[in-house]
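J.: What follows is the file query_23.pdb, containing PDB, C-alpha atoms:
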```
ATOM      1  CA  MET G   1     175.066  50.606 -16.473
ATOM      2  CA  LEU G   2     176.937  53.275 -14.511
ATOM      3  CA  ASP G   3     174.109  55.786 -15.067
ATOM      4  CA  GLY G   4     171.595  53.349 -13.580
ATOM      5  CA  PHE G   5     173.773  52.712 -10.543
ATOM      6  CA  LEU G   6     174.303  56.449 -10.050
ATOM      7  CA  GLY G   7     170.549  57.086 -10.263
ATOM      8  CA  ILE G   8     169.793  54.305  -7.797
ATOM      9  CA  ALA G   9     172.462  55.519  -5.373
ATOM     10  CA  LEU G  10     171.406  59.164  -5.609
ATOM     11  CA  CYS G  11     167.658  58.563  -5.303
ATOM     12  CA  GLY G  12     168.198  55.986  -2.579
ATOM     13  CA  ALA G  13     170.471  58.284  -0.567
ATOM     14  CA  ILE G  14     168.046  61.200  -0.838
ATOM     15  CA  GLY G  15     165.153  58.932   0.131
ATOM     16  CA  VAL G  16     166.960  57.566   3.188
ATOM     17  CA  LEU G  17     168.042  61.078   4.200
ATOM     18  CA  LEU G  18     164.459  62.353   3.965
ATOM     19  CA  LEU G  19     163.168  59.386   5.955
ATOM     20  CA  GLY G  20     165.748  60.237   8.625
ATOM     21  CA  VAL G  21     164.530  63.838   8.689
ATOM     22  CA  ALA G  22     160.935  62.596   8.967
ATOM     23  CA  LEU G  23     161.935  60.354  11.882
ATOM     24  CA  ARG G  24     163.642  63.270  13.617
ATOM     25  CA  GLU G  25     160.570  65.467  13.117
ATOM     26  CA  THR G  26     158.388  62.655  14.484
ATOM     27  CA  VAL G  27     160.499  62.568  17.652
ATOM     28  CA  VAL G  28     160.218  66.369  17.994
ATOM     29  CA  VAL G  29     156.420  66.243  17.600
ATOM     30  CA  TRP G  30     156.222  63.381  20.103
ATOM     31  CA  ARG G  31     158.275  65.373  22.631
ATOM     32  CA  LEU G  32     156.146  68.451  22.088
ATOM     33  CA  ARG G  33     152.945  66.478  22.647
ATOM     34  CA  ARG G  34     154.345  64.752  25.719
ATOM     35  CA  HIS G  35     156.413  67.462  27.438
ATOM     36  CA  GLY G  36     155.460  70.668  25.645
ATOM     37  CA  ILE G  37     154.132  73.765  27.320
ATOM     38  CA  ARG G  38     151.002  75.106  25.660
ATOM     39  CA  VAL G  39     150.383  78.841  25.434
ATOM     40  CA  TRP G  40     148.613  81.249  23.122
ATOM     41  CA  GLY G  41     150.561  83.309  20.655
ATOM     42  CA  VAL G  42     149.668  86.129  18.278
ATOM     43  CA  VAL G  43     150.635  86.456  14.633
ATOM     44  CA  VAL G  44     152.519  89.765  14.667
ATOM     45  CA  ASP G  45     153.762  89.871  11.087
ATOM     46  CA  ASN G  46     154.081  87.999   7.819
ATOM     47  CA  VAL G  47     157.581  88.175   6.384
ATOM     48  CA  ARG G  48     158.578  87.551   2.811
ATOM     49  CA  VAL G  49     160.849  84.541   2.402
ATOM     50  CA  GLN G  50     162.796  84.111  -0.813
ATOM     51  CA  ARG G  51     163.124  80.521  -1.975
ATOM     52  CA  ARG G  52     165.588  79.313  -4.593
ATOM     53  CA  ASP G  53     163.278  76.787  -6.222
ATOM     54  CA  SER G  54     160.269  79.073  -6.642
ATOM     55  CA  GLY G  55     159.131  82.600  -6.069
ATOM     56  CA  PRO G  56     158.834  84.314  -2.711
ATOM     57  CA  THR G  57     156.417  83.070  -0.074
ATOM     58  CA  TRP G  58     155.079  84.578   3.106
ATOM     59  CA  ALA G  59     155.833  83.152   6.536
ATOM     60  CA  PRO G  60     153.937  84.175   9.659
ATOM     61  CA  VAL G  61     155.870  85.475  12.675
ATOM     62  CA  ILE G  62     154.287  84.424  15.955
ATOM     63  CA  ALA G  63     154.996  86.040  19.338
ATOM     64  CA  PHE G  64     154.256  84.554  22.748
ATOM     65  CA  ALA G  65     155.451  84.804  26.354
ATOM     66  CA  ASP G  66     157.397  81.808  27.651
ATOM     67  CA  GLN G  67     157.109  80.434  31.200
ATOM     68  CA  ARG G  68     159.638  83.009  32.456
ATOM     69  CA  GLY G  69     157.662  85.877  30.951
ATOM     70  CA  TYR G  70     160.097  86.624  28.112
ATOM     71  CA  ARG G  71     158.730  87.540  24.710
ATOM     72  CA  VAL G  72     159.653  84.935  22.104
ATOM     73  CA  GLU G  73     159.130  85.284  18.363
ATOM     74  CA  PHE G  74     159.430  82.500  15.817
ATOM     75  CA  THR G  75     158.583  81.767  12.225
ATOM     76  CA  THR G  76     156.735  78.619  11.251
ATOM     77  CA  LYS G  77     158.731  75.838   9.596
ATOM     78  CA  MET G  78     155.917  74.776   7.282
ATOM     79  CA  ARG G  79     155.408  77.330   4.524
ATOM     80  CA  GLY G  80     153.502  77.471   1.300
ATOM     81  CA  SER G  81     149.949  77.860   0.100
ATOM     82  CA  GLY G  82     147.432  77.129   2.818
ATOM     83  CA  MET G  83     149.958  77.680   5.599
ATOM     84  CA  SER G  84     149.542  81.425   6.052
ATOM     85  CA  LEU G  85     147.994  82.920   9.159
ATOM     86  CA  PRO G  86     146.449  86.398   9.212
ATOM     87  CA  THR G  87     148.140  89.098  11.280
ATOM     88  CA  GLY G  88     146.500  89.572  14.673
ATOM     89  CA  ARG G  89     145.134  86.027  14.891
ATOM     90  CA  GLN G  90     145.618  84.143  18.156
ATOM     91  CA  VAL G  91     147.090  80.691  17.618
ATOM     92  CA  PRO G  92     147.908  77.828  19.978
ATOM     93  CA  VAL G  93     151.655  77.401  20.474
ATOM     94  CA  VAL G  94     153.583  74.506  22.000
ATOM     95  CA  TYR G  95     157.246  74.566  22.996
ATOM     96  CA  LEU G  96     159.694  72.594  25.092
ATOM     97  CA  PRO G  97     160.603  74.266  28.414
ATOM     98  CA  TYR G  98     164.318  74.318  27.632
ATOM     99  CA  ASP G  99     163.933  75.482  24.013
ATOM    100  CA  PRO G 100     161.195  78.118  23.484
ATOM    101  CA  GLN G 101     162.874  79.389  20.282
ATOM    102  CA  ASN G 102     161.905  76.147  18.503
ATOM    103  CA  ALA G 103     158.216  76.482  19.209
ATOM    104  CA  ARG G 104     155.530  75.217  16.842
ATOM    105  CA  VAL G 105     152.036  76.352  16.076
ATOM    106  CA  SER G 106     149.903  73.666  17.684
ATOM    107  CA  MET G 107     147.801  72.910  14.612
ATOM    108  CA  TRP G 108     147.866  69.654  12.675
ATOM    109  CA  ARG G 109     149.114  71.279   9.490
ATOM    110  CA  HIS G 110     152.047  72.884  11.327
ATOM    111  CA  THR G 111     153.091  69.952  13.545
ATOM    112  CA  VAL G 112     152.208  66.743  11.721
ATOM    113  CA  GLY G 113     152.209  68.282   8.231
ATOM    114  CA  PRO G 114     156.010  68.520   7.910
ATOM    115  CA  VAL G 115     156.368  64.901   9.047
ATOM    116  CA  VAL G 116     153.850  63.598   6.514
ATOM    117  CA  PHE G 117     155.237  65.733   3.681
ATOM    118  CA  THR G 118     158.857  64.695   4.316
ATOM    119  CA  LEU G 119     157.871  61.045   4.685
ATOM    120  CA  LEU G 120     155.955  61.061   1.393
ATOM    121  CA  VAL G 121     158.754  62.779  -0.526
ATOM    122  CA  GLY G 122     161.274  60.310   0.924
ATOM    123  CA  LEU G 123     159.093  57.397  -0.181
ATOM    124  CA  VAL G 124     158.818  58.895  -3.671
ATOM    125  CA  PHE G 125     162.613  59.009  -3.936
ATOM    126  CA  LEU G 126     162.924  55.426  -2.704
ATOM    127  CA  GLY G 127     160.256  54.396  -5.204
ATOM    128  CA  ALA G 128     162.193  56.138  -7.956
ATOM    129  CA  ALA G 129     165.346  54.258  -6.927
ATOM    130  CA  ALA G 130     163.435  50.963  -7.042
ATOM    131  CA  LEU G 131     161.992  51.849 -10.456
ATOM    132  CA  ILE G 132     165.438  52.699 -11.829
ATOM    133  CA  ALA G 133     166.800  49.423 -10.418
ATOM    134  CA  ARG G 134     163.982  47.477 -12.043
ATOM    135  CA  THR G 135     164.490  49.036 -15.474
ATOM    136  CA  SER G 136     168.288  48.770 -15.390
TER     137      SER G 136
END
```
Translate this structure into structure tokens?

T.:
Amino acid sequence: MLDGFLGIALCGAIGVLLLGVALRETVVVWRLRRHGIRVWGVVVDNVRVQRRDSGPTWAPVIAFADQRGYRVEFTTKMRGSGMSLPTGRQVPVVYLPYDPQNARVSMWRHTVGPVVFTLLVGLVFLGAAALIARTS
């Protein structure tokens, strides 16, 4: 009985947390679409990122000039297979005027992709909590 409750509580809490993260990312994407400044950036490097849950992955580093003319570099938030960008490629970038360090590559897979992925994983955890509750 206690194991079932613990599983429900843990899966439910993780699911709600992930849905909150997805909501926050949705607000960020909405702000970027509404108030973002669009510029072109260049992929200047691909850096190796070590992840605890799997082997190393590569993350592109994108450089662009903000509205003041300063060079800004950032690494994409969405990583994994299919997310790489070749060095030297020009990519559309969007950023908020007061926060150019948190820019995003203005491609569906880099802006909406994290929202959809986080939302789906959160729903899986909530589904697991409901399944545990049903079988308990």

J.: Apply the PyMOL selection byres ((chain G and resi 75) around 6) to the displayed file and report the matching residues as a list in words.

T.: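 So the PyMOL selection byres ((chain G and resi 75) around 6) ends up selecting Pro60, Val61, Phe74 and Thr76 of chain G.
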
J.: Compile the contact shell of segment 26-39 of chain G as a PyMOL selection string: residues with an atom at most 7 Å away, counting all atoms listed in the file, same-chain residues fewer than 4 positions apart removed.

T.: chain G and resi 22+92-97+111+115

J.: Can you tell me which residues surround segment 1-17 of chain G at a distance of at most 8 Å, considering all atoms listed in the file, apart from same-chain residues fewer than 4 positions away, and format the answer as a tab-separated table (two decimals) with C-alpha atoms, in the coordinates of the input?

T.:
```
chain	number	residue	atom	x	y	z
G	21	VAL	CA	164.53	63.84	8.69
G	121	VAL	CA	158.75	62.78	-0.53
G	122	GLY	CA	161.27	60.31	0.92
G	123	LEU	CA	159.09	57.40	-0.18
G	124	VAL	CA	158.82	58.90	-3.67
G	125	PHE	CA	162.61	59.01	-3.94
G	126	LEU	CA	162.92	55.43	-2.70
G	128	ALA	CA	162.19	56.14	-7.96
G	129	ALA	CA	165.35	54.26	-6.93
G	130	ALA	CA	163.44	50.96	-7.04
G	132	ILE	CA	165.44	52.70	-11.83
G	133	ALA	CA	166.80	49.42	-10.42
G	136	SER	CA	168.29	48.77	-15.39
```

J.: Just say which residues the PyMOL selection byres ((chain G and resi 64) around 10) picks in this file, as an NGL selection string.

T.: :G and (39-44 or 62-63 or 65-67 or 69-74 or 90-93 or 100 or 103)

J.: Find the distance between atom CA of Ala59 of chain G and atom CA of Leu120 of chain G and write it in Å to one decimal.

T.: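 So the answer is 22.7 Å.
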
J.: Which residue is closest to Glu25 of chain G? Choose from G:Val105, G:Lys77, G:Tyr98, G:Thr87 and count all atoms listed in the file.

T.: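 Between G:Val105, G:Lys77, G:Tyr98, G:Thr87, the residue approaching Glu25 of chain G most closely is G:Lys77.
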
J.: Grab the atom CA of Pro114 of chain G to atom CA of Arg68 of chain G distance for me, in Å with one decimal place.

T.: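 Straight-line distance from atom CA of Pro114 of chain G to atom CA of Arg68 of chain G works out to 28.7 Å.
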
J.: So, counting all atoms listed in the file, which residue among G:Thr118, G:His110, G:Val47, G:Met78 is closest to Leu19 of chain G?

T.: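 Result for the nearest residue to Leu19 of chain G: G:Thr118.
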
J.: Take atom CA of Phe117 of chain G and atom CA of Leu131 of chain G and report the distance between them in Å, one decimal.

T.: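 According to the coordinates, atom CA of Phe117 of chain G and atom CA of Leu131 of chain G are separated by 20.9 Å.
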
J.: I need segment 116-132 of chain G from the structure I supplied, saved as a short mmCIF file (atom, residue, chain, number, x, y, z; two decimals), in the first residue's frame with C-alpha atoms retained.

T.:
```cif
data_model
loop_
_atom_site.label_atom_id
_atom_site.label_comp_id
_atom_site.auth_asym_id
_atom_site.auth_seq_id
_atom_site.Cartn_x
_atom_site.Cartn_y
_atom_site.Cartn_z
CA VAL G 116 6.45 19.40 -27.01
CA PHE G 117 9.07 17.01 -25.62
CA THR G 118 8.68 18.24 -22.03
CA LEU G 119 4.89 18.20 -22.30
CA LEU G 120 4.86 14.62 -23.59
CA VAL G 121 7.26 13.36 -20.92
CA GLY G 122 5.18 15.10 -18.23
CA LEU G 123 2.03 13.43 -19.55
CA VAL G 124 3.78 10.05 -19.53
CA PHE G 125 4.64 10.50 -15.85
CA LEU G 126 1.08 11.55 -15.02
CA GLY G 127 -0.20 8.54 -16.96
CA ALA G 128 2.14 6.30 -14.98
CA ALA G 129 0.80 7.78 -11.74
CA ALA G 130 -2.77 7.12 -12.89
CA LEU G 131 -1.85 3.55 -13.88
CA ILE G 132 -0.23 2.90 -10.50
#
```
